[in-house]
Amino acid sequence: MVSFGGLVLLAGYVAILGIARTNLSELFAVLIEHLSFGAIPAEIDARLAQILIHLRLPRVAMALVTGGSLALSGVLMQAITRNPLVSPYTIGVSSAAAFGASMAIMFGFGFSGLGRYFIPFSAFIFALGCAVLVFSLAWFRGMGAQTMVLTGIALMYLFSALTAAIQFVATQEQLSQVVHWTFGSFNGIGWDAVGISAAVLFIVFPLVQGKAWALNALISGGDEVAQSLGVNVMLLRAMSTVFAVLLAAVVISFCGVIGFIGLVGPHVARLIIGADHRWLIPFSVICGGGLLLIADTLGRLLFSPAIIPVGIVIAFVGVPIFLHLVFVRRSEYFA
Amino acid sequence: MRRNFLAAAIAILPAMGLAHPAFAEMKTITDDLGRSVQINVPIKRAVVFNPYNAEFFRGVGGANVIVGIDQEPADIKGYWPNIGADAIAGVWNQPNFEKIVALKPEVFIMPRNYPWENAAEKLKPFNIPVVVVTGWDVPKLVSNISIVGELLAEQKRAAQLADFYTANMQMLRDRLKGVKQRTVYLEKIRPLFTSIPGSGWHDMVAEGGGLNIFADVEIAKQPAERGTVHEFSIDAERILTSNPDVIIKLSPGQYAPPEKAELETIAKSVAARPAWSTLKAAQQNEVHVVSFFAAGAVSKMIGSAYIAKALYPDRFTDIDPEALMRTWLTDFQSLPYLGKYSLSMNSR
Amino acid sequence: MTDEKRLIVEHLDFAYGGKNILDDIGMTLTTGEVVALVGPNGAGKSTLMRCMLGMLKPRSGSVRILGQDVRTLSARRRAQLVAYVPQASAPAFPMSVFDVCLLGRSPHFSTHATPRDHAIVEATLGRLALRDFAFRLLSELSGGERQRVMLARALIQQTDFLILDEPTSALDIRNQLETLRLIAELARERHMTAFVAIHDLSLAARFSDRVVLLKEGRVAGIGDWRSTLTPAAIREVYGVDAQVAMQDGVPFFVPHEIEPRNPGTAH
């Protein structure tokens, strides 16, 4: 609760930072105006209000939702595989999503009309296909954790190579769209993307939270212990896989590939609050959202007006935090 | 939806205080993609992305209309003296929309391979229309220049700029008619990288009357790691077996021309590569170095002229590519010509 | 009532990949008894336990708990009736001992643990002398400590049946004795049935009411240890000559020198 409040404050604070100067009360006034559908008009410059509503806030909201979704996706994947190295990126889901988006672009779906939703849809289908491939290979062939991660990394390279190959035959127009997917950025994010991603997160989150005990059983004792505690492990895995892929693929399909947060977000959250999923699930969402928001804000402000894509900045922000936690907080974490 | 919005936008434009001079005129502009954009012309403030587009604006008399550009033209040192660092509005695929809004342009210009659809959507609430102008598209050069001319209500200057390109290109074609083609190896700034069919740089060799020794390479049949049509990694042995008549080497280039000594060093180092001394081009001093900046200017017309002159000097005794560059800079870009951008080993 | 509180295995066959693992197993576990499951490696002990837990689907036959087939019980209901500790289970991520133990209550509450659940965890940790470890991470503990935590977690489940697969394999002799005595005590106190796979025949005989001797997927003997763990039966099942002795009322088994398994390849 406290951390959630902190996140709201952080979001409010970074939302007032930018090229157009504003302050919290103006931001608040704009929010009130829109939440009341104009019944309580904000007495501020119309242009500033437009900047906040159409440019600044969707970006802030998308950073929160994307960070939260990717971190939660990582938590789920790590729990059901009992493997700390698994994330949407390391099992190839992110690259598969980028490839799916590229394919849709190559087949002529643009950003306009229904095509703008077909691209994310295609991204999702490829992401799901990749996850099902990796997980089913792992379970039905009885693969160990390392083999699974290796398979995932192999697929990641395969999809990256395929995307690169596509760029090769793409026209100039298609190329610029394909490039957009291969590295993560919140530039040009609109409320529709925020709405869809947030809806997925808000629907999935309580369902996942309801499985906190089952996930705890799985990570602390394995399949048999979880089964003996009344967990339908097959169902839990299937459900978690779909949710994890859905969370990751939806945000990736709007923002492009953001690699770091899905792997390290869960670990940062775990190092701070522990592995108990009752707390880890909400906290990883908060932690992932906060990390990505800080990263995107730095990317937006540091070299303004040039914007450094968040996919790059997150490594600069996340790695020091992660290393700090590893060295300082709990040396027994990786025992 | 879009039309309704445009109507509403037009209705509130005067109310928003974006007042225009009395002679301003509402016009429907058809952009490079055939989109219709209604706008008051002449425009007074524009954010222009892509170096070619920015040059078109300046060439058509809109130097003071450009209030913002992207990073790519801004990276050319000294080339945009009127545009400060605070007028850079992002990189080509990452426009900083807050910056663009803060620059208060009447229009945002982007080529069709940039994310213009997203930009149009994000700038819609701010009544900043996006007009697609694709300056790099040489076959559509005249129509793209005329779009800029309409936006600035400078049709005459637009025609002059288009004519500067088309007339000189026509001149090259006329004079190269029936010529016995000489073979050329065009080397990019990186050693052993060339350009192949599908690239503007390959076309430049062809327009200069040369035969690119790598003209037979089909990019689709090449492994991806060899690069793109613009930047293609070659097999060095091919140079020796093809034994080109002329080597054209591009040097790193900015608006400020390279030192003569620098060009000489580059020319000598190309000729002195192991085993290359046996090449015809090296023995006959047919190594020509031209600044990347100059060769690419005016949609590579300057580069074509340079190659034509290097290959067939007797047909172009009265033509000096450097003079064309001077005209481009002084007449169309309002910048001083600072010195030679090229060096031929046989002209010393 | 006591009649119903039974776990009945009838004509249980289990095959994996065309290979018979269990063959016509039949037995009845009744309230309050400790039954030791003994047999050589690969006899099918763990498979039998998994079948009894409903985790594996038998080819034929049935396992019934309180009169109902274990495979038709919901996973949650089953977890309220039977607790299980597998041979080895390592935590994937560091959870505290207390949180792991609280998991034992999860089949009984809907979403939140009640103060009563917390009290049960504390009491059980106290009984297993694990209270000092409550807020340590499971990953920090030794193998033996971890094994006792997993037993605590199963006891906290407060089920009628407890199935333990070699619960003392990582324990020192003092902890072996303490743990098995505790299981026997709790079985009597709570009228709980414990089914314990165990390799040490001396411990099996000492702490169990009955012994099930398993050989190549079949029941080779069932009943009081004196009637099942005879020298003849041990020779038959393990291929080892052993002497059975008693000292101060405690049985112990002394195996003799053995023959090489494959005389043909010995030299």
# chains A, B, ... in the order shown; residues from 1 in each chain; ligands from 1
call {"tool": "select_by_dssp", "arguments": {"residues": "region 178-248 of chain B", "states": "strand (DSSP E)", "output": "PyMOL selection string"}}
result
chain B and resi 182-187+193-194+210-212+232-233+246-248
call {"tool": "write_last_selection", "arguments": {"atoms": "C-alpha atoms", "output": "compact mmCIF listing (two decimals), in the first residue's frame"}}
result
# COMPACT_ATOMS: atom_id res chain seq x y z
CA ARG B 182 34.24 3.25 -68.56
CA THR B 183 34.18 0.98 -65.51
CA VAL B 184 34.05 2.43 -62.00
CA TYR B 185 34.66 1.17 -58.52
CA LEU B 186 32.81 3.40 -56.07
CA GLU B 187 34.14 3.00 -52.56
CA PHE B 193 32.29 -1.19 -48.99
CA THR B 194 30.44 -0.17 -52.12
CA GLY B 210 30.08 4.98 -65.53
CA LEU B 211 29.62 1.25 -65.31
CA ASN B 212 29.63 0.12 -61.67
CA PHE B 232 27.69 -3.53 -49.36
CA SER B 233 30.77 -5.43 -48.26
CA VAL B 246 38.38 4.65 -62.41
CA ILE B 247 38.13 4.54 -58.62
CA ILE B 248 35.79 7.00 -56.93
call {"tool": "interface_residues", "arguments": {"of": "chain A", "to": "chain C", "cutoff": "12 Å", "atoms": "only C-alpha atoms", "output": "PyMOL selection string"}}
result
chain A and resi 75+78-85+145+206+209-235+266-267+270-271+273-280+330-335
call {"tool": "select_by_dssp", "arguments": {"residues": "region 132-327 of chain B", "states": "helix (DSSP H, G or I)", "output": "PyMOL selection string"}}
result
chain B and resi 138-152+155-176+200-207+219-221+224-226+236-242+260-271+276-278+280-283+292-295+297-311+313-316+321-327
call {"tool": "atom_distance", "arguments": {"atom1": "CA of Glu262 (chain B)", "atom2": "CA of Glu322 (chain B)"}}
result
17.6 Å
call {"tool": "residues_around", "arguments": {"residues": "region 289-296 of chain A", "least_positions_apart": "6", "cutoff": "9 Å", "atoms": "only C-alpha atoms", "output": "PyMOL selection string"}}
result
chain A and resi 7+10-11+14+59-71+185-186+261+265+307-318
call {"tool": "interface_residues", "arguments": {"of": "chain B", "to": "chain A", "cutoff": "9 Å", "atoms": "only C-alpha atoms", "output": "number ranges by chain"}}
result
B: 70-71, 85-91, 93-99, 101-102, 112-115, 117-119, 121-123, 125-126, 219-220, 224, 227-228
call {"tool": "residues_around", "arguments": {"residues": "region 301-304 of chain B", "least_positions_apart": "5", "cutoff": "10 Å", "atoms": "only C-alpha atoms", "output": "tab-separated table (two decimals) with C-alpha atoms, in the first residue's frame"}}
result
chain	number	residue	atom	x	y	z
B	138	VAL	CA	14.87	11.30	-56.58
B	164	PHE	CA	18.69	23.42	-61.12
B	165	TYR	CA	18.49	19.68	-60.64
B	166	THR	CA	16.66	18.62	-63.81
B	168	ASN	CA	21.91	19.77	-64.99
B	169	MET	CA	20.89	16.13	-65.05
B	172	LEU	CA	24.79	15.24	-68.22
B	201	TRP	CA	24.81	5.90	-54.92
B	203	ASP	CA	22.40	5.44	-59.71
B	204	MET	CA	24.85	8.31	-59.29
B	205	VAL	CA	27.57	6.25	-61.01
B	206	ALA	CA	25.19	5.39	-63.83
B	207	GLU	CA	24.09	9.01	-64.25
B	208	GLY	CA	27.75	9.98	-64.43
B	209	GLY	CA	28.14	7.63	-67.40
B	210	GLY	CA	30.08	4.98	-65.53
B	250	LEU	CA	34.04	9.02	-50.83
B	290	VAL	CA	35.05	13.47	-53.25
B	291	SER	CA	33.50	14.51	-49.97
B	292	PHE	CA	30.48	12.48	-48.99
B	293	PHE	CA	28.68	15.74	-48.26
B	294	ALA	CA	29.29	17.19	-51.73
B	295	ALA	CA	28.73	13.97	-53.68
B	296	GLY	CA	25.32	13.59	-52.07
B	309	LYS	CA	33.78	14.91	-65.35
B	310	ALA	CA	36.25	12.40	-63.89
B	320	ASP	CA	33.14	22.32	-63.06
B	321	PRO	CA	31.31	20.27	-60.42
B	322	GLU	CA	32.78	22.59	-57.80
B	323	ALA	CA	31.00	25.49	-59.48
B	324	LEU	CA	27.72	23.59	-59.29
B	325	MET	CA	28.38	23.05	-55.59
B	328	TRP	CA	23.89	25.15	-54.71
call {"tool": "residues_around", "arguments": {"residues": "Val217 (chain B)", "least_positions_apart": "4", "cutoff": "9 Å", "atoms": "only C-alpha atoms", "output": "VMD selection string"}}
result
chain B and resid 196 to 197 221 to 222
call {"tool": "residues_around", "arguments": {"residues": "region 8-21 of chain C", "least_positions_apart": "5", "cutoff": "7 Å", "atoms": "only C-alpha atoms", "output": "CSV table (one decimal) with C-alpha atoms, in the first residue's frame"}}
result
chain,number,residue,atom,x,y,z
C,26,GLY,CA,-3.9,-54.5,-2.0
C,27,MET,CA,-3.8,-53.1,1.5
C,28,THR,CA,-5.9,-51.3,4.0
C,29,LEU,CA,-4.6,-48.5,6.2
C,44,GLY,CA,7.9,-49.2,-6.8
C,58,PRO,CA,-3.5,-46.7,-12.3
C,59,ARG,CA,-4.0,-49.0,-15.1
C,60,SER,CA,-6.6,-50.8,-13.0
C,61,GLY,CA,-7.7,-51.1,-9.5
C,62,SER,CA,-8.5,-48.3,-7.1
C,63,VAL,CA,-7.4,-46.3,-4.1
C,64,ARG,CA,-10.2,-45.2,-1.9
C,65,ILE,CA,-10.1,-42.7,1.0
C,217,GLY,CA,5.9,-54.1,-7.7
call {"tool": "closest_residue", "arguments": {"among": "C:Glu236, C:Asp69, C:Glu145, C:Asp172", "to": "Lys57 (chain C)", "atoms": "only C-alpha atoms"}}
result
C:Asp69
call {"tool": "residues_around", "arguments": {"residues": "Val287 (chain B)", "least_positions_apart": "6", "cutoff": "10 Å", "atoms": "only C-alpha atoms", "output": "list in words"}}
result
Tyr185, Asp245, Val246, Ile247, Ile248, Lys249, Ile266, Ala267, Lys268, Val270, Ala271, Lys280, Ala281, Ala310, Leu343, Ser344, Met345 and Asn346 of chain B
